[in-house]
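Novice: Attaching a single structure in structure tokens format; questions to follow.
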Amino acid sequence: MNILLSNDDGIHANGIRALSEKLSTDYDVYIIAPNQERSAAGHSITLNSPLRVEEVEAKYGARRAWAVSGTPGDCVKIGVSAILSDNEKPDLIVSGINHGPNLGHDIIYSGTVSCAIEGAMMNIPSIAVSLNLFKPSLDDLKFSAEFVSSLIPKLDKFKFPEKSILNINIPGIAKDDISGVAVTEMGGRMFTDNYEKRIDPRGKVYYWMAGKLSTDKDNENTDITAIRQNKISISPLTFNLTRKDTTNDLNTILCHDDICNWF
């Protein structure tokens with residue numbers, strides 16, 4: 001099996017290293033990742049400037065590796081479409097391991113999740129993996145990599161729905177303290193928006209985003225609740241944003257007798 005690894009923390013991040021070192025013992029691993037940190041890039045792609053792609057030394061057990069000047073989405077998109085040869089094309093895309101969680105509404109901003117979504121847009125089974133620990137050491141990430149390695153064979157029995165990914169969040173605690181695995185749905189707000197107003201040395205006002213953990217209670221079956229209960233959260237997500245349950249009501253209001261000529 002060929003596995004493409006990408007991330008938003010950059011090609012030199014501990015998370016992608018831990019994944020590559022573990023998965024390369026059983027699979028053919030290829031790394032295509034940003035040449036620098038691109039956290040919270042969302043699902044952006046580069047349109048108005050050239051993408052610089054440099055093949056770099058294939059460390060950590062990977063067969064080949066490339067550093068890309070663009071966004072996380074760029075990495076997967078150009079990787080599958082232009083960089084990898086036919087016999088290197090991925091059977092699975094794994095994005096991460098992200099340094100920090102991707103839970104609830106914050107998923108929308110996540111470059112890590114966007115890598116996986118880009119894979120799903122090309123009908124390639126894709127998962128995003130995050131550790132609920134900021135600035136983790138390599139040792140901190142080893143269990144997460146082991147968990148992904150143990151999960152992959154189980155996914156042989158799982159047919160990824162179209163336009164869908166699995167978003168995995170792992171508690172940033174010792175393995176023995178993890179209380180299990182939960183299949184969850186996307187929660188609400190993990191952090192509350194908080195901007196600190198500051199003055200620079202020249203007297204100019206600027207703002208620094210400093211989100212705080214939300215104290216709001218979430219539904220029992222959400223990713224946020226699972227992490228708070230020290231469980232590994234696995235959420236099936238789709239990028240199909242259509243609210244199908246609303247189309248009939250909207251059509252009734254705007255298109256009486258199936259005729260939309262009110263304007």
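Quick note on naming: the chains in the structure tokens go A, B, ... in the order shown, residues restart at 1 in each chain, and ligands are numbered from 1 in order of appearance.
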Just the residues within 9 Å of Gln229 of chain A, please, counting only C-alpha atoms, with nothing from its chain fewer than 3 positions along; format it as number ranges by chain.
Specialist: A: 171, 178-179, 224-226, 232
Novice: Out of segment 25-248 of chain A, which residues get helix (DSSP H, G or I) from DSSP, as a ChimeraX atom specification?
Specialist: /A:72-83,86-88,104-109,111-121,138-157,175-177,223-228,244-248
Novice: Among segment 63-209 of chain A, which residues does DSSP mark as strand (DSSP E) when it is run on the backbone? Keep the chain and numbering as in the structure and answer as a PyMOL selection string.
Specialist: chain A and resi 64-68+92-99+126-132+164-171+180-183+191-192+195-199+205-209
Novice: Pick out the residues sitting within 6 Å of segment 116-132 of chain A, and hand them over as an MDAnalysis selection string; count only C-alpha atoms, and ignore anything fewer than 6 positions along from it in its own chain.
Specialist: chainID A and resid 92:101 163 165:172
Novice: Write out as an MDAnalysis selection string which residues come within 9 Å of Lys77 of chain A when counting only C-alpha atoms, dropping same-chain ones fewer than 2 positions away.
Specialist: chainID A and resid 45 72:75 79:82 115 118:119 122
Novice: Could the residues in this selection be written to a file with C-alpha atoms, as a tab-separated table (two decimals), in the first residue's frame?
Specialist:
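Full text of result.tsv as output:
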```tsv
chain	number	residue	atom	x	y	z
A	45	ILE	CA	-4.80	26.96	-2.56
A	72	PRO	CA	-1.43	22.16	2.90
A	73	GLY	CA	-4.13	21.81	0.26
A	74	ASP	CA	-1.58	22.62	-2.44
A	75	CYS	CA	0.65	19.80	-1.22
A	79	GLY	CA	1.29	15.75	-5.12
A	80	VAL	CA	-1.37	13.51	-6.59
A	81	SER	CA	-1.83	15.48	-9.82
A	82	ALA	CA	1.76	16.24	-10.80
A	115	CYS	CA	-5.19	17.99	3.43
A	118	GLU	CA	-8.32	17.50	-0.70
A	119	GLY	CA	-7.67	13.77	-0.88
A	122	MET	CA	-9.97	13.13	-5.53
```
Novice: Just the number, please: distance in Å from atom CA of Asn14 of chain A to atom CA of Gln36 of chain A, one decimal.
Specialist: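 So the two atoms, atom CA of Asn14 of chain A and atom CA of Gln36 of chain A, lie 12.9 Å apart.
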Novice: Nearest residue to Thr222 of chain A out of A:Val68, A:Leu237, A:Val183, A:Ile108, using only C-alpha atoms?
Specialist: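 Residue with the minimum atom-to-atom distance to Thr222 of chain A: A:Val183.
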Novice: What separation in Å, quoted to one decimal, exists between atom CA of Leu141 of chain A and atom CA of Ile107 of chain A?
Specialist: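 These two atoms are separated by 20.4 Å.
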Novice: Restricting the calculation to only C-alpha atoms, which member of A:Asn2, A:Asn48, A:Asn87, A:Thr242 is positioned closest to Ala62 of chain A?
Specialist: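 Checking each of A:Asn2, A:Asn48, A:Asn87, A:Thr242 against Ala62 of chain A, counting only C-alpha atoms, the winner is A:Asn2.
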Novice: Which residue out of A:Ala33, A:His12, A:Ile78, A:Pro50 has the minimum interatomic distance to Trp66 of chain A when only C-alpha atoms are used?
Specialist: A:Ala33
Novice: If you measure from atom CA of Asp200 of chain A to atom CA of Phe134 of chain A, what distance in Å do you get, rounded to one decimal?
Specialist: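 Calculated distance between atom CA of Asp200 of chain A and atom CA of Phe134 of chain A is 27.2 Å.
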Novice: With only C-alpha atoms as the atoms that count, which of A:Arg52, A:Arg189, A:Lys175, A:His43 lies nearest to Glu146 of chain A?
Specialist: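 Nearest candidate to Glu146 of chain A out of A:Arg52, A:Arg189, A:Lys175, A:His43: A:Lys175.
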